[in-house]
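Raw work-v6.cif, mmCIF, C-alpha atoms:
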```cif
data_protein
#
loop_
_atom_site.label_atom_id
_atom_site.label_comp_id
_atom_site.auth_asym_id
_atom_site.auth_seq_id
_atom_site.Cartn_x
_atom_site.Cartn_y
_atom_site.Cartn_z
CA MET Q 1159 -23.90 1.70 -14.54
CA ALA Q 1160 -22.99 -0.43 -11.55
CA THR Q 1161 -25.57 -2.80 -10.10
CA VAL Q 1162 -27.80 -1.14 -7.51
CA LEU Q 1163 -28.92 -3.35 -4.64
CA GLU Q 1164 -31.94 -2.39 -2.61
CA PRO Q 1165 -31.29 -2.56 1.14
CA THR Q 1166 -33.13 -5.60 2.38
CA GLU Q 1167 -31.36 -6.74 5.51
CA ILE Q 1168 -32.92 -4.39 8.03
CA ASP Q 1169 -35.02 -1.28 8.00
CA THR Q 1170 -32.99 1.33 6.19
CA MET Q 1171 -33.18 4.27 8.57
CA ALA Q 1172 -33.41 2.65 12.00
CA PRO Q 1173 -30.10 1.41 13.44
CA VAL Q 1174 -30.15 -2.06 14.92
CA SER Q 1175 -27.97 -2.86 17.93
CA PHE Q 1176 -25.14 -5.29 17.24
CA ARG Q 1177 -23.00 -6.59 20.09
CA VAL Q 1178 -19.24 -6.24 19.74
CA LEU Q 1179 -17.71 -9.70 19.88
CA ARG Q 1180 -14.10 -8.74 19.41
CA VAL Q 1181 -11.83 -5.81 18.60
CA ARG Q 1182 -8.69 -6.59 16.63
CA ARG Q 1183 -5.87 -4.03 16.46
CA GLU Q 1184 -4.59 -3.92 12.85
CA LEU Q 1185 -2.31 -0.85 12.70
CA SER Q 1186 -1.58 2.06 15.01
CA ASP Q 1187 -4.64 3.92 13.73
CA THR Q 1188 -6.69 1.04 12.32
CA PHE Q 1189 -8.77 -1.66 13.99
CA THR Q 1190 -11.36 -4.28 13.09
CA LEU Q 1191 -14.68 -4.84 14.85
CA GLU Q 1192 -16.41 -8.20 14.83
CA LEU Q 1193 -20.11 -7.67 15.47
CA GLU Q 1194 -22.84 -10.15 16.31
CA PRO Q 1195 -26.05 -9.73 14.28
CA PRO Q 1196 -29.05 -9.83 16.63
CA ASN Q 1197 -30.96 -12.20 14.35
CA GLY Q 1198 -27.96 -14.49 13.85
CA ALA Q 1199 -27.00 -13.53 10.29
CA PHE Q 1200 -26.07 -10.45 8.29
CA HIS Q 1201 -25.99 -11.13 4.56
CA PHE Q 1202 -24.10 -8.76 2.26
CA GLU Q 1203 -22.37 -8.62 -1.11
CA PRO Q 1204 -18.60 -7.93 -1.39
CA GLY Q 1205 -18.07 -4.17 -1.69
CA GLN Q 1206 -21.11 -3.07 0.30
CA PHE Q 1207 -20.96 -0.86 3.37
CA THR Q 1208 -22.95 -0.15 6.51
CA MET Q 1209 -23.65 2.97 8.51
CA LEU Q 1210 -22.16 2.38 11.97
CA TYR Q 1211 -23.68 4.37 14.81
CA VAL Q 1212 -21.97 5.11 18.09
CA PHE Q 1213 -24.92 5.94 20.30
CA GLY Q 1214 -24.87 9.56 21.36
CA VAL Q 1215 -21.92 10.40 19.12
CA GLY Q 1216 -22.84 9.88 15.49
CA GLU Q 1217 -22.85 7.67 12.44
CA VAL Q 1218 -20.23 6.89 9.78
CA PRO Q 1219 -20.13 4.78 6.60
CA ILE Q 1220 -17.78 1.80 6.96
CA SER Q 1221 -16.98 -0.83 4.35
CA ILE Q 1222 -17.55 -4.44 5.25
CA SER Q 1223 -14.23 -6.32 5.36
CA GLY Q 1224 -15.43 -9.77 6.34
CA ASN Q 1225 -16.22 -12.99 4.54
CA PRO Q 1226 -19.59 -12.94 2.74
CA ALA Q 1227 -19.81 -16.72 3.23
CA LYS Q 1228 -19.77 -16.23 7.00
CA PRO Q 1229 -22.83 -14.09 7.73
CA ASN Q 1230 -22.88 -14.96 11.42
CA VAL Q 1231 -20.42 -12.15 12.10
CA LEU Q 1232 -20.24 -8.65 10.63
CA VAL Q 1233 -16.59 -7.60 10.21
CA GLN Q 1234 -15.70 -3.94 9.68
CA THR Q 1235 -12.23 -2.41 9.51
CA ILE Q 1236 -12.00 1.19 10.63
CA ARG Q 1237 -9.37 3.90 10.56
CA LYS Q 1238 -9.43 6.63 13.18
CA VAL Q 1239 -9.97 9.86 11.27
CA GLY Q 1240 -12.74 11.75 13.09
CA THR Q 1241 -15.04 12.00 16.08
CA VAL Q 1242 -17.11 8.89 15.42
CA THR Q 1243 -14.25 6.61 14.41
CA ARG Q 1244 -12.31 7.72 17.50
CA ALA Q 1245 -15.35 6.84 19.58
CA LEU Q 1246 -15.53 3.46 17.83
CA ASP Q 1247 -11.92 2.88 18.83
CA GLY Q 1248 -12.96 3.29 22.43
CA ILE Q 1249 -15.50 0.50 22.50
CA GLY Q 1250 -14.75 -3.06 23.48
CA ALA Q 1251 -16.15 -6.58 23.52
CA GLY Q 1252 -19.66 -6.64 24.96
CA ASP Q 1253 -20.47 -3.06 23.96
CA PHE Q 1254 -23.18 -2.30 21.41
CA VAL Q 1255 -23.12 -0.24 18.21
CA GLY Q 1256 -25.93 0.63 15.84
CA VAL Q 1257 -25.89 -0.75 12.30
CA ARG Q 1258 -27.83 0.25 9.20
CA GLY Q 1259 -27.41 -1.53 5.91
CA PRO Q 1260 -25.90 -3.17 3.99
CA PHE Q 1261 -25.94 -0.44 1.38
CA GLY Q 1262 -24.55 0.22 -2.07
CA SER Q 1263 -23.40 -1.54 -5.20
CA PRO Q 1264 -21.14 -4.61 -4.92
CA TRP Q 1265 -17.98 -5.68 -6.69
CA PRO Q 1266 -19.26 -7.58 -9.78
CA VAL Q 1267 -17.71 -10.90 -8.80
CA THR Q 1268 -20.11 -12.89 -10.98
CA GLU Q 1269 -19.55 -10.72 -14.06
CA ALA Q 1270 -15.79 -11.36 -13.69
CA GLU Q 1271 -16.17 -15.14 -13.83
CA GLY Q 1272 -14.53 -16.98 -16.70
CA GLY Q 1273 -11.75 -14.44 -17.13
CA ASP Q 1274 -8.80 -13.03 -15.20
CA LEU Q 1275 -9.47 -11.11 -12.01
CA VAL Q 1276 -7.03 -8.39 -10.95
CA ILE Q 1277 -7.60 -6.88 -7.51
CA ILE Q 1278 -5.55 -3.78 -6.64
CA GLY Q 1279 -5.61 -2.20 -3.20
CA GLY Q 1280 -3.90 0.82 -1.73
CA GLY Q 1281 -3.50 1.38 2.03
CA ILE Q 1282 -6.71 0.79 3.95
CA GLY Q 1283 -8.38 0.30 0.56
CA LEU Q 1284 -7.58 -3.37 1.00
CA ALA Q 1285 -10.40 -3.64 3.56
CA PRO Q 1286 -13.35 -3.15 1.13
CA LEU Q 1287 -11.63 -5.54 -1.29
CA ARG Q 1288 -11.19 -8.34 1.21
CA PRO Q 1289 -14.75 -9.73 0.84
CA ALA Q 1290 -14.15 -9.98 -2.93
CA ILE Q 1291 -10.84 -11.73 -2.27
CA TYR Q 1292 -12.55 -14.19 0.08
CA HIS Q 1293 -15.17 -14.83 -2.58
CA ALA Q 1294 -12.61 -15.33 -5.38
CA LEU Q 1295 -10.53 -17.72 -3.29
CA ALA Q 1296 -13.60 -19.70 -2.22
CA ASN Q 1297 -14.70 -19.95 -5.85
CA ARG Q 1298 -11.22 -20.15 -7.36
CA ASN Q 1299 -12.27 -22.43 -10.25
CA ARG Q 1300 -14.65 -19.76 -11.58
CA TYR Q 1301 -11.74 -17.46 -12.53
CA HIS Q 1302 -8.68 -17.94 -14.68
CA ASN Q 1303 -5.74 -15.95 -13.30
CA VAL Q 1304 -6.33 -14.23 -9.98
CA VAL Q 1305 -3.91 -11.42 -9.20
CA LEU Q 1306 -3.71 -9.41 -5.97
CA LEU Q 1307 -1.62 -6.24 -5.99
CA TYR Q 1308 -1.23 -4.21 -2.81
CA GLY Q 1309 0.61 -0.97 -2.13
CA THR Q 1310 0.89 0.93 1.10
CA ARG Q 1311 2.96 3.56 2.82
CA SER Q 1312 5.66 1.50 4.58
CA PRO Q 1313 6.23 -2.05 5.88
CA ARG Q 1314 4.65 -1.16 9.24
CA ASP Q 1315 1.47 -0.03 7.42
CA LEU Q 1316 0.72 -3.40 5.80
CA LEU Q 1317 -2.93 -4.14 6.57
CA PHE Q 1318 -3.94 -7.74 7.35
CA GLY Q 1319 -0.23 -8.68 7.40
CA ALA Q 1320 -0.72 -12.36 8.27
CA GLN Q 1321 -3.28 -12.78 5.50
CA LEU Q 1322 -0.98 -11.07 3.00
CA GLN Q 1323 1.62 -13.71 3.83
CA ASP Q 1324 -0.92 -16.51 3.45
CA TRP Q 1325 -2.09 -15.19 0.09
CA SER Q 1326 1.53 -14.73 -1.08
CA ALA Q 1327 2.23 -18.37 -0.27
CA ARG Q 1328 -0.65 -19.67 -2.39
CA LEU Q 1329 0.29 -21.22 -5.70
CA ASP Q 1330 -3.07 -20.58 -7.38
CA ILE Q 1331 -2.92 -16.79 -7.24
CA GLN Q 1332 -0.27 -14.14 -7.84
CA MET Q 1333 0.17 -11.72 -4.95
CA LEU Q 1334 2.59 -8.77 -5.16
CA THR Q 1335 3.10 -6.17 -2.46
CA THR Q 1336 4.97 -2.87 -2.54
CA VAL Q 1337 5.54 0.02 -0.17
CA ASP Q 1338 6.24 3.67 -0.88
CA THR Q 1339 9.19 3.87 1.48
CA ALA Q 1340 11.36 1.45 3.46
CA ASP Q 1341 14.73 0.90 5.05
CA ARG Q 1342 17.12 -1.97 4.39
CA SER Q 1343 15.27 -4.34 6.72
CA TRP Q 1344 12.51 -4.62 4.10
CA HIS Q 1345 13.36 -7.08 1.34
CA GLY Q 1346 10.23 -6.60 -0.74
CA SER Q 1347 9.34 -4.14 -3.47
CA VAL Q 1348 9.54 -0.38 -3.03
CA GLY Q 1349 7.65 1.89 -5.41
CA VAL Q 1350 4.13 2.89 -6.35
CA VAL Q 1351 1.50 0.19 -6.76
CA THR Q 1352 1.15 0.83 -10.51
CA TRP Q 1353 4.69 -0.48 -10.98
CA LEU Q 1354 3.45 -3.90 -9.97
CA ILE Q 1355 1.08 -4.05 -12.94
CA PRO Q 1356 3.71 -4.92 -15.60
CA ARG Q 1357 4.93 -7.75 -13.34
CA ALA Q 1358 1.46 -9.28 -13.02
CA ALA Q 1359 0.33 -12.16 -15.23
CA PHE Q 1360 -3.09 -11.45 -16.73
CA ASP Q 1361 -4.75 -11.25 -20.11
CA PRO Q 1362 -6.09 -7.71 -20.58
CA LYS Q 1363 -8.73 -8.96 -23.02
CA THR Q 1364 -10.46 -11.05 -20.34
CA THR Q 1365 -9.49 -9.08 -17.26
CA THR Q 1366 -11.88 -7.57 -14.77
CA ALA Q 1367 -10.17 -5.26 -12.28
CA PHE Q 1368 -11.32 -4.14 -8.83
CA VAL Q 1369 -9.43 -1.12 -7.49
CA CYS Q 1370 -9.73 0.53 -4.09
CA GLY Q 1371 -7.54 3.12 -2.43
CA PRO Q 1372 -7.05 6.88 -2.26
CA GLU Q 1373 -8.74 8.57 -5.21
CA ILE Q 1374 -5.48 9.67 -6.87
CA MET Q 1375 -4.13 6.12 -6.55
CA MET Q 1376 -7.28 4.70 -8.20
CA LYS Q 1377 -7.13 7.28 -10.98
CA VAL Q 1378 -3.48 6.54 -11.82
CA THR Q 1379 -4.06 2.79 -11.51
CA ALA Q 1380 -7.08 2.85 -13.83
CA GLU Q 1381 -5.16 4.96 -16.36
CA THR Q 1382 -2.25 2.50 -16.25
CA LEU Q 1383 -4.58 -0.49 -16.66
CA THR Q 1384 -6.27 1.07 -19.69
CA ARG Q 1385 -3.41 2.88 -21.46
CA SER Q 1386 -0.45 0.62 -20.71
CA SER Q 1387 -2.10 -2.75 -20.27
CA GLY Q 1388 -5.14 -2.42 -22.53
CA VAL Q 1389 -7.86 -3.37 -20.06
CA ASP Q 1390 -11.36 -2.27 -21.13
CA PRO Q 1391 -12.46 0.73 -18.97
CA GLU Q 1392 -15.89 -0.90 -18.63
CA ARG Q 1393 -14.24 -3.83 -16.85
CA ILE Q 1394 -12.39 -1.69 -14.35
CA HIS Q 1395 -14.33 -1.02 -11.14
CA LEU Q 1396 -13.46 1.56 -8.50
CA THR Q 1397 -15.07 2.16 -5.14
CA MET Q 1398 -15.67 5.80 -4.34
CA GLU Q 1399 -16.00 7.58 -1.04
CA ARG Q 1400 -18.01 10.70 -0.34
CA ASN Q 1401 -19.95 12.08 2.60
CA MET Q 1402 -22.50 9.26 2.86
CA LYS Q 1403 -25.35 9.95 5.30
CA CYS Q 1404 -28.68 8.28 4.52
CA GLY Q 1405 -27.34 5.27 2.62
CA ILE Q 1406 -30.35 5.15 0.30
CA GLY Q 1407 -29.75 8.00 -2.16
CA ALA Q 1408 -32.27 10.31 -0.53
CA CYS Q 1409 -30.35 13.04 1.27
CA GLY Q 1410 -27.88 14.04 -1.45
CA HIS Q 1411 -24.86 14.46 0.83
CA CYS Q 1412 -22.78 12.04 -1.23
CA GLN Q 1413 -23.53 13.49 -4.65
CA PHE Q 1414 -20.76 12.71 -7.13
CA GLY Q 1415 -21.63 14.39 -10.42
CA PRO Q 1416 -24.92 12.76 -11.49
CA HIS Q 1417 -24.47 9.90 -9.01
CA PHE Q 1418 -25.15 9.32 -5.34
CA VAL Q 1419 -22.24 7.29 -4.04
CA CYS Q 1420 -24.28 5.53 -1.34
CA TYR Q 1421 -26.91 4.34 -3.82
CA HIS Q 1422 -25.39 4.15 -7.32
CA GLY Q 1423 -22.00 3.26 -5.80
CA PRO Q 1424 -19.76 2.94 -3.96
CA VAL Q 1425 -18.54 0.56 -6.67
CA PHE Q 1426 -18.58 2.23 -10.09
CA ARG Q 1427 -17.40 1.28 -13.52
CA TYR Q 1428 -14.35 3.39 -14.42
CA SER Q 1429 -15.95 4.14 -17.80
CA ASP Q 1430 -18.89 5.78 -15.97
CA ILE Q 1431 -16.81 8.09 -13.76
CA ALA Q 1432 -13.45 8.58 -15.50
CA ASP Q 1433 -14.30 12.14 -16.53
CA LEU Q 1434 -15.43 13.06 -13.01
CA LEU Q 1435 -12.12 12.01 -11.46
CA SER Q 1436 -10.36 14.99 -13.04
CA ILE Q 1437 -12.85 17.63 -11.87
CA ARG Q 1438 -11.62 19.25 -8.69
CA GLU Q 1439 -15.06 20.51 -7.62
CA VAL Q 1440 -16.60 17.02 -7.74
CA MET D 763 24.08 -10.85 -34.63
CA THR D 764 26.05 -11.85 -31.52
CA ASP D 765 24.47 -13.74 -28.61
CA MET D 766 24.52 -10.56 -26.54
CA ALA D 767 22.84 -8.57 -29.33
CA GLN D 768 20.22 -11.29 -29.59
CA LEU D 769 19.63 -11.10 -25.82
CA LEU D 770 19.26 -7.31 -26.02
CA SER D 771 16.81 -7.61 -28.90
CA GLU D 772 14.51 -9.67 -26.66
CA MET D 773 14.33 -6.94 -24.00
CA SER D 774 11.46 -4.47 -24.26
CA PHE D 775 13.79 -1.58 -23.39
CA PHE D 776 15.58 -2.07 -26.72
CA GLU D 777 12.50 -2.86 -28.79
CA GLY D 778 12.69 -1.26 -32.24
CA LEU D 779 16.46 -0.80 -32.37
CA SER D 780 18.21 -1.76 -35.62
CA GLU D 781 20.51 -4.77 -35.76
CA ALA D 782 23.49 -2.44 -36.21
CA HIS D 783 22.59 -0.51 -33.07
CA LEU D 784 22.03 -3.70 -31.09
CA ASP D 785 25.48 -4.89 -32.20
CA ALA D 786 26.97 -1.56 -31.15
CA LEU D 787 25.37 -1.80 -27.71
CA ALA D 788 26.42 -5.44 -27.37
CA ASP D 789 30.03 -4.28 -27.79
CA CYS D 790 29.63 -2.30 -24.54
CA ALA D 791 27.76 -5.03 -22.65
CA SER D 792 28.67 -7.92 -20.42
CA GLY D 793 26.63 -10.34 -18.35
CA VAL D 794 26.97 -10.22 -14.56
CA GLU D 795 25.70 -12.45 -11.77
CA LEU D 796 25.24 -10.76 -8.43
CA ASP D 797 24.75 -12.25 -4.97
CA ALA D 798 22.18 -10.92 -2.53
CA GLY D 799 23.70 -8.21 -0.38
CA THR D 800 26.18 -7.05 -3.03
CA THR D 801 26.66 -3.30 -3.20
CA LEU D 802 26.30 -2.59 -6.90
CA PHE D 803 27.46 1.01 -6.58
CA GLU D 804 27.57 3.74 -3.97
CA GLU D 805 26.12 7.21 -4.06
CA GLY D 806 28.72 9.80 -5.15
CA ASN D 807 31.09 7.34 -6.80
CA SER D 808 31.98 7.45 -10.49
CA ALA D 809 28.99 6.36 -12.62
CA ASP D 810 30.99 4.08 -14.88
CA GLY D 811 28.12 1.89 -16.10
CA CYS D 812 24.46 1.07 -16.11
CA PHE D 813 22.53 -2.17 -15.80
CA ILE D 814 19.44 -3.95 -17.02
CA VAL D 815 18.08 -6.66 -14.75
CA ILE D 816 17.41 -9.96 -16.51
CA GLU D 817 16.19 -11.70 -13.37
CA GLY D 818 16.31 -10.57 -9.76
CA ALA D 819 15.80 -7.47 -7.68
CA VAL D 820 17.96 -4.48 -6.76
CA ALA D 821 17.20 -1.70 -4.26
CA ILE D 822 17.98 1.90 -5.19
CA GLU D 823 18.96 3.72 -2.03
CA LEU D 824 19.63 7.16 -0.65
CA THR D 825 21.79 7.60 2.43
CA ILE D 826 20.33 9.95 5.00
CA PRO D 827 22.90 11.15 7.55
CA GLY D 828 21.97 9.84 10.96
CA ARG D 829 19.19 7.65 9.58
CA GLY D 830 21.02 5.16 7.42
CA HIS D 831 20.00 3.74 4.07
CA HIS D 832 16.58 4.60 2.74
CA VAL D 833 15.21 2.46 -0.12
CA ILE D 834 13.43 4.69 -2.61
CA GLN D 835 12.71 2.11 -5.28
CA THR D 836 13.33 -1.50 -6.21
CA VAL D 837 14.19 -2.55 -9.75
CA HIS D 838 13.05 -5.88 -11.16
CA ASP D 839 13.16 -8.03 -14.31
CA GLY D 840 13.58 -6.03 -17.51
CA GLU D 841 14.11 -2.71 -15.75
CA VAL D 842 17.02 -0.29 -15.94
CA ILE D 843 19.39 0.70 -13.16
CA GLY D 844 21.38 3.89 -13.54
CA TRP D 845 21.12 7.09 -15.52
CA SER D 846 23.89 9.07 -13.80
CA TRP D 847 26.32 7.99 -16.52
CA LEU D 848 24.40 10.20 -18.98
CA PHE D 849 25.08 13.57 -17.38
CA PRO D 850 28.20 15.27 -16.01
CA PRO D 851 29.75 14.97 -13.51
CA TYR D 852 28.95 11.26 -14.05
CA ARG D 853 28.54 10.47 -10.35
CA TRP D 854 25.93 8.09 -8.97
CA ALA D 855 22.98 10.06 -7.62
CA PHE D 856 21.89 7.03 -5.57
CA GLY D 857 23.35 3.79 -4.28
CA ALA D 858 22.24 0.29 -5.28
CA GLN D 859 22.13 -2.89 -3.21
CA VAL D 860 21.27 -6.35 -4.61
CA LEU D 861 18.24 -7.81 -2.78
CA GLU D 862 18.24 -11.33 -4.18
CA PRO D 863 20.47 -13.35 -6.53
CA THR D 864 20.35 -11.32 -9.72
CA ARG D 865 21.40 -11.74 -13.32
CA ALA D 866 21.93 -8.50 -15.20
CA ILE D 867 23.62 -6.93 -18.19
CA ARG D 868 26.19 -4.26 -17.44
CA PHE D 869 27.02 -1.55 -19.98
CA ASP D 870 30.31 0.32 -19.84
CA ALA D 871 29.48 4.03 -19.56
CA ALA D 872 32.55 5.40 -21.35
CA SER D 873 31.92 3.11 -24.33
CA LEU D 874 28.23 4.03 -24.42
CA ARG D 875 28.99 7.75 -24.38
CA GLN D 876 31.59 7.35 -27.11
CA LYS D 877 29.10 5.49 -29.33
CA GLN D 878 26.40 8.07 -28.67
CA GLU D 879 28.75 10.86 -29.75
CA THR D 880 29.79 9.15 -32.97
CA ASP D 881 26.30 7.92 -33.89
CA SER D 882 23.67 10.56 -33.18
CA THR D 883 20.82 8.25 -34.21
CA LEU D 884 21.86 5.70 -31.59
CA GLY D 885 22.31 8.58 -29.16
CA TYR D 886 18.76 9.77 -29.81
CA GLU D 887 17.35 6.25 -29.42
CA LEU D 888 19.11 5.77 -26.10
CA MET D 889 18.20 9.22 -24.79
CA SER D 890 14.54 8.63 -25.71
CA ARG D 891 14.47 5.37 -23.81
CA PHE D 892 16.23 6.74 -20.77
CA ALA D 893 13.96 9.81 -20.83
CA ASN D 894 10.96 7.46 -20.58
CA VAL D 895 12.55 5.80 -17.56
CA LEU D 896 13.22 9.18 -15.96
CA VAL D 897 9.67 10.43 -16.60
CA SER D 898 8.17 7.25 -15.19
CA ARG D 899 10.30 7.53 -12.05
CA LEU D 900 9.58 11.25 -11.69
CA GLU D 901 5.83 10.59 -11.84
CA ALA D 902 6.15 7.81 -9.29
CA THR D 903 8.24 10.01 -7.02
CA ARG D 904 5.57 12.71 -7.15
CA LEU D 905 2.96 10.18 -6.02
CA GLN D 906 5.24 8.97 -3.25
CA LEU D 907 5.76 12.58 -2.12
CA LEU D 908 1.98 13.02 -1.89
CA ASP D 909 1.98 10.34 0.82
CA VAL D 910 -1.45 9.28 -0.43
CA TYR D 911 -1.85 6.55 2.17
CA GLY D 912 -1.13 8.85 5.12
CA ASN D 913 -3.85 9.55 7.70
CA ARG D 914 -5.18 13.07 7.14
CA ALA D 915 -6.91 13.20 10.53
#
```
Can I see the file as structure tokens?
Amino acid sequence: MATVLEPTEIDTMAPVSFRVLRVRRELSDTFTLELEPPNGAFHFEPGQFTMLYVFGVGEVPISISGNPAKPNVLVQTIRKVGTVTRALDGIGAGDFVGVRGPFGSPWPVTEAEGGDLVIIGGGIGLAPLRPAIYHALANRNRYHNVVLLYGTRSPRDLLFGAQLQDWSARLDIQMLTTVDTADRSWHGSVGVVTWLIPRAAFDPKTTTAFVCGPEIMMKVTAETLTRSSGVDPERIHLTMERNMKCGIGACGHCQFGPHFVCYHGPVFRYSDIADLLSIREV
Amino acid sequence: MTDMAQLLSEMSFFEGLSEAHLDALADCASGVELDAGTTLFEEGNSADGCFIVIEGAVAIELTIPGRGHHVIQTVHDGEVIGWSWLFPPYRWAFGAQVLEPTRAIRFDAASLRQKQETDSTLGYELMSRFANVLVSRLEATRLQLLDVYGNRA
């Protein structure tokens, strides 16, 4: 079972107003908000999420995409998919949004220490992984090989493009990127993200893997890591998404088999949920 | 064992083949060095060979009328390029363009087919390996068709 963290930062059910410091356009449908905590700091663990509230519109769960070592700003990357996220796209610097959290289980960055760390993101799934990447890079000597694998739809859908380039240029990690489709102007890899796994340098016996992306991508990636590469399913961690509402495992909206994603997750061990990933009704 | 047979024996694609079969395949093989930008083959042309990349990267492409070249996959170290030589009418189903300086092994298709016909065990071994490549690419293509990263809003 993944580690469960009790919400401690602010009262769990009452949103607190955070001022929008900056809005950064990432992709045509994706943007990042930088929010100012009213008490000066917002502490969180990599992998946790908040409930973001647009006053008068509604509330949505959003993963934290910022640096856990910089609690003076809460960074959240959002894709426009519904009423609330469209409303979030309409706000600007100086506006206020409501925040509850942080909620949920974190990426087990401490448990992974001493071995290889393989981080695999798909599409906007890179956003919830970024705090773990920041942590791993800031504590690089605690891990052996660090591998970042990222797959997305096309070259124009590369999230955090400038950072991807910075990470690719580093000599102390291996970063591989692929896209599902491209024209001749793209000189990188084309193909599904699982095809990057055989090209990555890691020891499956000591590897801890963090995987985030569309559910089918995580399922295929976890299967490839276990069956082809020999990584222990208990050391593969996926972050799940369901209809989170309360954030504290009380309302039941995000039930996922015997789990509540907001409370027992969103980060789960693959060994705990592998069977659930094949059940359509779950 | 020749140098080429030794090189083949070190590639995972040929893992488990007997020395005799490696020698037979080496008879059909030659090393090639390819510059970035080289057109390895074009869609529709005679599929007169296949390749295994030793080091480098090659884009597999499909030409879409009015839209140009569309890269559907890139092939990297240790991976195979080309299965059109296996099936009539032996025409390339896709094109291939070299992305970066690449070293590869080229196999002559006519020689490979002739050896497969005269040695059914070698034929089975090769077909099994190429079937794995085809299955892997079919599964990947299915995922790509799902457009899993697309915005469902």
Apply the PyMOL selection byres ((chain Q and resi 1368) around 10) to the displayed file and report the matching residues as a PyMOL selection string.
chain Q and resi 1205+1265-1267+1270+1275-1279+1287+1290+1306+1365-1367+1369-1370+1376+1380+1393-1397+1425-1428
Within 8 Å of chain Q: residues of chain D, using all atoms listed in the file, as a ChimeraX atom specification:
/D:821,830-836,861,902,905-906,909-915
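With all atoms listed in the file taken into account, every residue lying no more than 7 Å from the file point (-11.4, -15.4, -18.3) is included here: Q:Glu1271, Q:Gly1272, Q:Gly1273, Q:Asp1274, Q:Tyr1301, Q:His1302, Q:Thr1364, Q:Thr1365.
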Within 10 Å of Ser780 (chain D) using only C-alpha atoms, minus same-chain residues under 4 positions, as JSON, numbers by chain:
{"D": [771, 776, 784, 785, 786, 884]}
On this file, the PyMOL selection byres ((chain D and resi 819) around 10) gives some set of residues; write that set as a PyMOL selection string.
(chain Q and resi 1345-1347) or (chain D and resi 798+815-818+820-822+836-839+841+859-866)
Can you measure CA of Pro1286 (chain Q) to CA of Ala1251 (chain Q) for me? One decimal in Å is fine.
22.8 Å
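Evaluated against the shown file, the PyMOL selection byres ((chain D and resi 811-813) around 7) gives Ala809, Asp810, Ile814, Val815, Val842, Ile843, Gly844, Trp845, Trp847, Ala866, Ile867, Arg868, Phe869, Asp870 and Ala871 of chain D.
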Which centre and which edge lengths, in Å to one decimal, describe the axis-aligned box that holds all listed atoms of region 1412-1425 of chain Q after 5 Å is added on each side, as AutoDock Vina command-line options?
```
--center_x -22.7 --center_y 7.5 --center_z -6.4 --size_x 18.4 --size_y 23.8 --size_z 20.3
```
